[in-house]
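Step one of this worksheet: look at the structure below.
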Amino acid sequence: MCKYFIAHDLGTSGNKASLFTTEGRLVCSHTAPYDVHFFDGNRAEQNPEDWWQAVIASTRKITGNIPPQDVLAMSFSAQMQCCLIVDDNGTPLRPAIIWADQRAEEEKNLLEEKIGFDRMYEITGHRVSASYSLAKLMWIKKHEPELYARTKYMLQAKDYMIYLLTGAYVTDYSDGSGTNAMDLKNLCWSEEILEAAGIAPEKLPPLHPSTDVAGTLTRKAASLLGLTAETKVVIGGGDGPCSALGAGCIHPEELFLTFGTSAWIGGTTDTVFTTDDKVIPCFAHVIPGKYMPCGTMQAAGSSYSYIKEALCKEETDAAKAIGNDPYEAMNELIASSPAGAKNLIFLPYLLGERCPRWNPNTSGSFLGIRPCHVKADYVRAVVEGIAMNLEIILSVYRRTLPAQKLIFTGGGAKGTIVARIIADVLQAELIRPDHVEEATSIAAAVIAGVGTGVYQDFSAVEKYLTIQDTIYPRKETETVYAPLRKLFENSYQVLKPLYEAFFALN
């Protein structure tokens, strides 16, 4: 008789619950959406009750046709860098301030001034940022002191779900490392940072490995979810480190590339991975004893979506009219343009940029426009620009790691033409598994299996993944892309002063 794990991918736009057999087969999944509330330009909040109702609804949807006692455990991959404060009864005191919120810039600056830029990176593996949880809690203490005084714990999104499911207050090392408050090498809350921030250490929950069992379902939670009180809840982790495990990136010095709305190159290492110029952040892994460096660019798939909407309405409308994928029409355009897009350069900085630029004031640019350039060249240049920016991130890893092979996941990994361009520009092999869009859910299922002892170790991820193909870089394209990569970098450096001027106009 089949036994099952439930994986919750608790994201920004909804919770996707996936039902897996213990043999690694995906049975079904269902996503229950919820809203993000944006206001005052840089604020983003969510109602934690929406998360809870989504977990209930999505769980019931996927388990209706199986005996509830056959669900052994559930676990989480979840959005990170949240700040949800709860009182002594576990009741949220205000809406959750999520990762996208940037209101705590003053608090971030104060923290950096007290600790120092270099010292903060040394302790946490991260730069100081308003997007991280600690600065947000500092903001609450300053602007909502009565709520701070009533705060028992600051929780991450999955941590609150675990409390409602089991009654336990916990967080894991991966989510802890995304708060700006955890000592990454010693896997504990940093007394030095918390003292500088003016935050009481007891307001942060106990830290655990991702594979620890938080408890079993309370009778109330079991009734709401349609499960039994014997179902175990394994803590799980943040979606960034989970994406590494779910890609099958579990061995030291192994790297993966996820191409979605944003894109990132991350990996698995035995020691904390830091760089002298401090451009790559590093997280605690969901695999105990490992670490996950992660260099992220802001606008990967969103740059591709932008050019589709801006220039390709005719092609995409025609594709929709006959039931075809609009992105296939885009791929046909790309294929009609030569490698290098006739020396047209696109800088994919529509939303500012993170690694390695760390420049929030950038904007997108086309450079080298000539009368010979047609629509297809612009579309190809966008994909090549995304790839060239990823190559700059990869070059940071290549200072110390071989980085000639990357496991390739995310929605952008489905298109062969896009994958071909990325492989050629990066001059790296792209290894594509069959479930390119299920990495974080797979990770949560594997964590549930390891945490409950069903799996001996994390090599069990191999049950969930089959390598579909490998895309090899073509050496002949290197003569085209080598000079364009240099031009891409020079273009950014020359335009840096202009970005500030354009930003000042907004």
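Just so we're on the same page: first chain in the structure tokens is A, next is B, and so on; residues restart at 1 for each chain, and ligands are numbered from 1 in the order they show up.
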Once DSSP has gone over the backbone, tell me which residues of range 353-390 of chain A are in alpha helix (DSSP H), as a PyMOL selection string.
chain A and resi 375-390
Go ahead and write the selection's residues with C-alpha atoms as a PDB file, in the first residue's frame.
```
ATOM      1  CA  LYS A 375      12.555  42.507 -34.011  1.00  0.00           C
ATOM      2  CA  ALA A 376      14.167  39.070 -33.849  1.00  0.00           C
ATOM      3  CA  ASP A 377      17.513  40.618 -32.918  1.00  0.00           C
ATOM      4  CA  TYR A 378      15.978  42.513 -30.008  1.00  0.00           C
ATOM      5  CA  VAL A 379      14.341  39.359 -28.647  1.00  0.00           C
ATOM      6  CA  ARG A 380      17.555  37.362 -28.980  1.00  0.00           C
ATOM      7  CA  ALA A 381      19.589  40.187 -27.427  1.00  0.00           C
ATOM      8  CA  VAL A 382      17.353  40.072 -24.342  1.00  0.00           C
ATOM      9  CA  VAL A 383      18.039  36.376 -23.781  1.00  0.00           C
ATOM     10  CA  GLU A 384      21.745  36.866 -24.452  1.00  0.00           C
ATOM     11  CA  GLY A 385      21.827  39.809 -22.036  1.00  0.00           C
ATOM     12  CA  ILE A 386      20.273  37.662 -19.310  1.00  0.00           C
ATOM     13  CA  ALA A 387      22.869  34.990 -20.047  1.00  0.00           C
ATOM     14  CA  MET A 388      25.752  37.475 -19.973  1.00  0.00           C
ATOM     15  CA  ASN A 389      24.657  38.728 -16.588  1.00  0.00           C
ATOM     16  CA  LEU A 390      24.482  35.149 -15.324  1.00  0.00           C
TER      17      LEU A 390
END
```
Hey, what's within 12 Å of Thr216 in chain A if we count only C-alpha atoms and toss same-chain stuff fewer than 2 positions away? As an NGL selection string, please?
:A and (71-75 or 162-168 or 212-214 or 218-222 or 227-235 or 452)
Same residues, N, CA, C and O atoms, output as a CSV table (one decimal), in the first residue's frame:
```csv
chain,number,residue,atom,x,y,z
A,71,VAL,N,-0.8,9.3,4.9
A,71,VAL,CA,0.1,10.4,4.9
A,71,VAL,C,1.0,10.4,6.1
A,71,VAL,O,0.6,10.6,7.2
A,72,LEU,N,2.3,10.1,5.8
A,72,LEU,CA,3.3,9.9,6.9
A,72,LEU,C,3.7,11.3,7.5
A,72,LEU,O,3.9,11.4,8.7
A,73,ALA,N,3.9,12.2,6.6
A,73,ALA,CA,4.5,13.5,7.1
A,73,ALA,C,4.3,14.6,6.1
A,73,ALA,O,4.0,14.3,4.9
A,74,MET,N,4.5,15.8,6.5
A,74,MET,CA,4.5,17.0,5.6
A,74,MET,C,5.7,17.9,6.0
A,74,MET,O,6.2,17.8,7.1
A,75,SER,N,6.1,18.7,5.0
A,75,SER,CA,7.2,19.6,5.3
A,75,SER,C,7.0,20.8,4.4
A,75,SER,O,6.1,20.8,3.5
A,162,ILE,N,3.8,26.0,11.0
A,162,ILE,CA,4.2,24.9,11.9
A,162,ILE,C,3.6,25.0,13.3
A,162,ILE,O,3.1,24.1,13.9
A,163,TYR,N,3.5,26.3,13.8
A,163,TYR,CA,2.9,26.5,15.1
A,163,TYR,C,1.4,26.1,15.0
A,163,TYR,O,0.9,25.5,15.9
A,164,LEU,N,0.7,26.6,14.0
A,164,LEU,CA,-0.7,26.2,13.9
A,164,LEU,C,-0.9,24.7,13.7
A,164,LEU,O,-2.0,24.2,14.1
A,165,LEU,N,0.0,24.1,13.1
A,165,LEU,CA,-0.1,22.6,12.8
A,165,LEU,C,0.2,21.8,14.1
A,165,LEU,O,-0.4,20.8,14.3
A,166,THR,N,1.2,22.3,14.9
A,166,THR,CA,1.7,21.4,15.9
A,166,THR,C,1.7,22.1,17.3
A,166,THR,O,1.9,21.4,18.3
A,167,GLY,N,1.6,23.4,17.4
A,167,GLY,CA,1.8,24.1,18.6
A,167,GLY,C,3.2,24.4,19.0
A,167,GLY,O,3.4,25.0,20.1
A,168,ALA,N,4.2,24.1,18.1
A,168,ALA,CA,5.6,24.3,18.4
A,168,ALA,C,6.1,25.6,17.8
A,168,ALA,O,5.7,25.9,16.7
A,212,ASP,N,14.5,18.3,11.5
A,212,ASP,CA,13.9,18.0,12.8
A,212,ASP,C,12.4,17.9,12.7
A,212,ASP,O,11.8,18.7,11.9
A,213,VAL,N,11.8,17.0,13.4
A,213,VAL,CA,10.3,16.9,13.5
A,213,VAL,C,9.8,17.9,14.5
A,213,VAL,O,10.2,17.8,15.7
A,214,ALA,N,9.0,18.8,14.1
A,214,ALA,CA,8.5,19.8,15.0
A,214,ALA,C,7.4,19.2,15.9
A,214,ALA,O,7.2,19.6,17.1
A,218,THR,N,-1.9,18.6,15.7
A,218,THR,CA,-2.9,18.7,16.8
A,218,THR,C,-4.2,18.1,16.2
A,218,THR,O,-4.4,18.0,15.0
A,219,ARG,N,-5.1,17.8,17.2
A,219,ARG,CA,-6.4,17.2,16.7
A,219,ARG,C,-7.1,18.2,15.9
A,219,ARG,O,-7.8,17.9,14.9
A,220,LYS,N,-7.0,19.5,16.3
A,220,LYS,CA,-7.7,20.6,15.6
A,220,LYS,C,-7.2,20.7,14.2
A,220,LYS,O,-7.9,20.7,13.2
A,221,ALA,N,-5.9,20.7,14.0
A,221,ALA,CA,-5.2,20.9,12.7
A,221,ALA,C,-5.6,19.6,11.9
A,221,ALA,O,-5.9,19.8,10.7
A,222,ALA,N,-5.5,18.4,12.5
A,222,ALA,CA,-5.8,17.2,11.7
A,222,ALA,C,-7.2,17.2,11.2
A,222,ALA,O,-7.5,16.9,10.0
A,227,LEU,N,-6.6,15.0,7.9
A,227,LEU,CA,-5.6,14.1,8.1
A,227,LEU,C,-5.7,13.5,9.5
A,227,LEU,O,-6.7,13.7,10.2
A,228,THR,N,-4.7,12.7,10.0
A,228,THR,CA,-4.8,12.2,11.3
A,228,THR,C,-3.8,12.9,12.2
A,228,THR,O,-2.8,13.5,11.7
A,229,ALA,N,-4.0,12.7,13.5
A,229,ALA,CA,-3.1,13.3,14.5
A,229,ALA,C,-1.7,12.6,14.5
A,229,ALA,O,-0.8,13.1,15.3
A,230,GLU,N,-1.6,11.5,13.8
A,230,GLU,CA,-0.3,10.8,13.7
A,230,GLU,C,0.6,11.4,12.7
A,230,GLU,O,1.8,11.1,12.6
A,231,THR,N,0.1,12.3,11.8
A,231,THR,CA,0.9,12.8,10.7
A,231,THR,C,2.0,13.7,11.3
A,231,THR,O,1.7,14.7,12.1
A,232,LYS,N,3.2,13.5,10.9
A,232,LYS,CA,4.4,14.3,11.5
A,232,LYS,C,4.6,15.5,10.6
A,232,LYS,O,4.4,15.5,9.4
A,233,VAL,N,5.1,16.6,11.3
A,233,VAL,CA,5.4,17.8,10.6
A,233,VAL,C,6.9,18.0,10.8
A,233,VAL,O,7.4,18.2,11.9
A,234,VAL,N,7.6,17.9,9.6
A,234,VAL,CA,9.1,18.2,9.6
A,234,VAL,C,9.3,19.6,9.2
A,234,VAL,O,8.6,20.1,8.3
A,235,ILE,N,10.3,20.3,9.8
A,235,ILE,CA,10.4,21.7,9.8
A,235,ILE,C,10.5,22.3,8.3
A,235,ILE,O,9.8,23.2,7.9
A,452,THR,N,11.8,11.9,8.9
A,452,THR,CA,11.0,10.8,9.6
A,452,THR,C,11.7,9.4,9.5
A,452,THR,O,11.2,8.4,10.0
```
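Take CA of Tyr472 in chain A and CA of Gly415 in chain A: the distance between them is 14.6 Å.
With only C-alpha atoms as the atoms that count, the minimum distance from Tyr327 in chain A to the choices A:Gly411, A:Gly125, A:Pro293, A:Gly453 is reached by A:Gly411.
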Work out how far CA of Ile199 in chain A is from CA of Glu112 in chain A, in Å to one decimal.
14.8 Å
Could you name the residues that touch Ala149 in chain A at 10 Å or less, counting only C-alpha atoms, but leaving out those on the same chain fewer than 6 positions away, as a short mmCIF file (atom, residue, chain, number, x, y, z; two decimals) with C-alpha atoms, in the first residue's frame?
```
data_model
loop_
_atom_site.label_atom_id
_atom_site.label_comp_id
_atom_site.auth_asym_id
_atom_site.auth_seq_id
_atom_site.Cartn_x
_atom_site.Cartn_y
_atom_site.Cartn_z
CA ASP A 87 1.92 37.31 21.06
CA ILE A 140 8.45 47.65 14.35
CA LYS A 141 10.25 48.38 17.61
CA LYS A 203 12.10 37.25 20.66
#
```
Who sits within 10 Å of Pro360 in chain A, only C-alpha atoms, same chain under 3 positions skipped, as a list in words:
Gln298, Tyr349, Leu350, Leu351, Gly352, Glu353, Arg354, Arg357, Ser363, Tyr499, Glu500 and Phe503 of chain A
Quick one: write out the picked residues with N, CA, C and O atoms as a PDB file, in the first residue's frame?
```
ATOM      1  N   GLN A 298      17.948  40.048 -10.688  1.00  0.00           N
ATOM      2  CA  GLN A 298      16.568  40.445 -10.451  1.00  0.00           C
ATOM      3  C   GLN A 298      15.625  40.097 -11.596  1.00  0.00           C
ATOM      4  O   GLN A 298      14.533  39.584 -11.378  1.00  0.00           O
ATOM      5  N   TYR A 349      18.580  45.151 -16.600  1.00  0.00           N
ATOM      6  CA  TYR A 349      18.502  45.731 -15.263  1.00  0.00           C
ATOM      7  C   TYR A 349      17.211  46.526 -15.067  1.00  0.00           C
ATOM      8  O   TYR A 349      17.209  47.656 -14.561  1.00  0.00           O
ATOM      9  N   LEU A 350      16.092  45.915 -15.466  1.00  0.00           N
ATOM     10  CA  LEU A 350      14.806  46.612 -15.405  1.00  0.00           C
ATOM     11  C   LEU A 350      14.365  46.900 -13.977  1.00  0.00           C
ATOM     12  O   LEU A 350      13.599  47.847 -13.746  1.00  0.00           O
ATOM     13  N   LEU A 351      14.810  46.092 -13.025  1.00  0.00           N
ATOM     14  CA  LEU A 351      14.330  46.202 -11.643  1.00  0.00           C
ATOM     15  C   LEU A 351      15.467  46.481 -10.663  1.00  0.00           C
ATOM     16  O   LEU A 351      15.409  46.072  -9.504  1.00  0.00           O
ATOM     17  N   GLY A 352      16.494  47.210 -11.119  1.00  0.00           N
ATOM     18  CA  GLY A 352      17.697  47.298 -10.304  1.00  0.00           C
ATOM     19  C   GLY A 352      18.425  45.966 -10.385  1.00  0.00           C
ATOM     20  O   GLY A 352      17.994  45.051 -11.085  1.00  0.00           O
ATOM     21  N   GLU A 353      19.524  45.817  -9.700  1.00  0.00           N
ATOM     22  CA  GLU A 353      20.241  44.552  -9.769  1.00  0.00           C
ATOM     23  C   GLU A 353      20.864  44.175  -8.440  1.00  0.00           C
ATOM     24  O   GLU A 353      21.276  45.031  -7.658  1.00  0.00           O
ATOM     25  N   ARG A 354      20.866  42.881  -8.204  1.00  0.00           N
ATOM     26  CA  ARG A 354      21.488  42.324  -7.005  1.00  0.00           C
ATOM     27  C   ARG A 354      22.908  41.876  -7.355  1.00  0.00           C
ATOM     28  O   ARG A 354      23.723  42.653  -7.787  1.00  0.00           O
ATOM     29  N   ARG A 357      26.160  43.282  -8.874  1.00  0.00           N
ATOM     30  CA  ARG A 357      26.149  44.752  -8.975  1.00  0.00           C
ATOM     31  C   ARG A 357      25.789  45.417  -7.653  1.00  0.00           C
ATOM     32  O   ARG A 357      26.363  46.438  -7.292  1.00  0.00           O
ATOM     33  N   SER A 363      18.785  50.539 -14.643  1.00  0.00           N
ATOM     34  CA  SER A 363      17.638  50.379 -15.534  1.00  0.00           C
ATOM     35  C   SER A 363      18.087  49.626 -16.783  1.00  0.00           C
ATOM     36  O   SER A 363      19.284  49.492 -17.041  1.00  0.00           O
ATOM     37  N   TYR A 499      22.764  55.949 -14.514  1.00  0.00           N
ATOM     38  CA  TYR A 499      21.687  55.302 -13.767  1.00  0.00           C
ATOM     39  C   TYR A 499      21.209  56.183 -12.624  1.00  0.00           C
ATOM     40  O   TYR A 499      20.010  56.285 -12.352  1.00  0.00           O
ATOM     41  N   GLU A 500      22.145  56.810 -11.947  1.00  0.00           N
ATOM     42  CA  GLU A 500      21.775  57.691 -10.830  1.00  0.00           C
ATOM     43  C   GLU A 500      20.941  58.853 -11.323  1.00  0.00           C
ATOM     44  O   GLU A 500      19.959  59.259 -10.690  1.00  0.00           O
ATOM     45  N   PHE A 503      17.488  57.594 -12.211  1.00  0.00           N
ATOM     46  CA  PHE A 503      16.752  57.252 -11.005  1.00  0.00           C
ATOM     47  C   PHE A 503      16.221  58.514 -10.324  1.00  0.00           C
ATOM     48  O   PHE A 503      15.122  58.505  -9.756  1.00  0.00           O
TER      49      PHE A 503
END
```
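Considering only C-alpha atoms, the residue among A:Ala445, A:Cys188, A:Ile467, A:Leu93 positioned nearest to Thr21 in chain A is A:Ala445.
When only C-alpha atoms are used to compute distances to Val480 in chain A, the closest of the residues A:Ala319, A:Asn343, A:Tyr304, A:Asn186 turns out to be A:Asn343.
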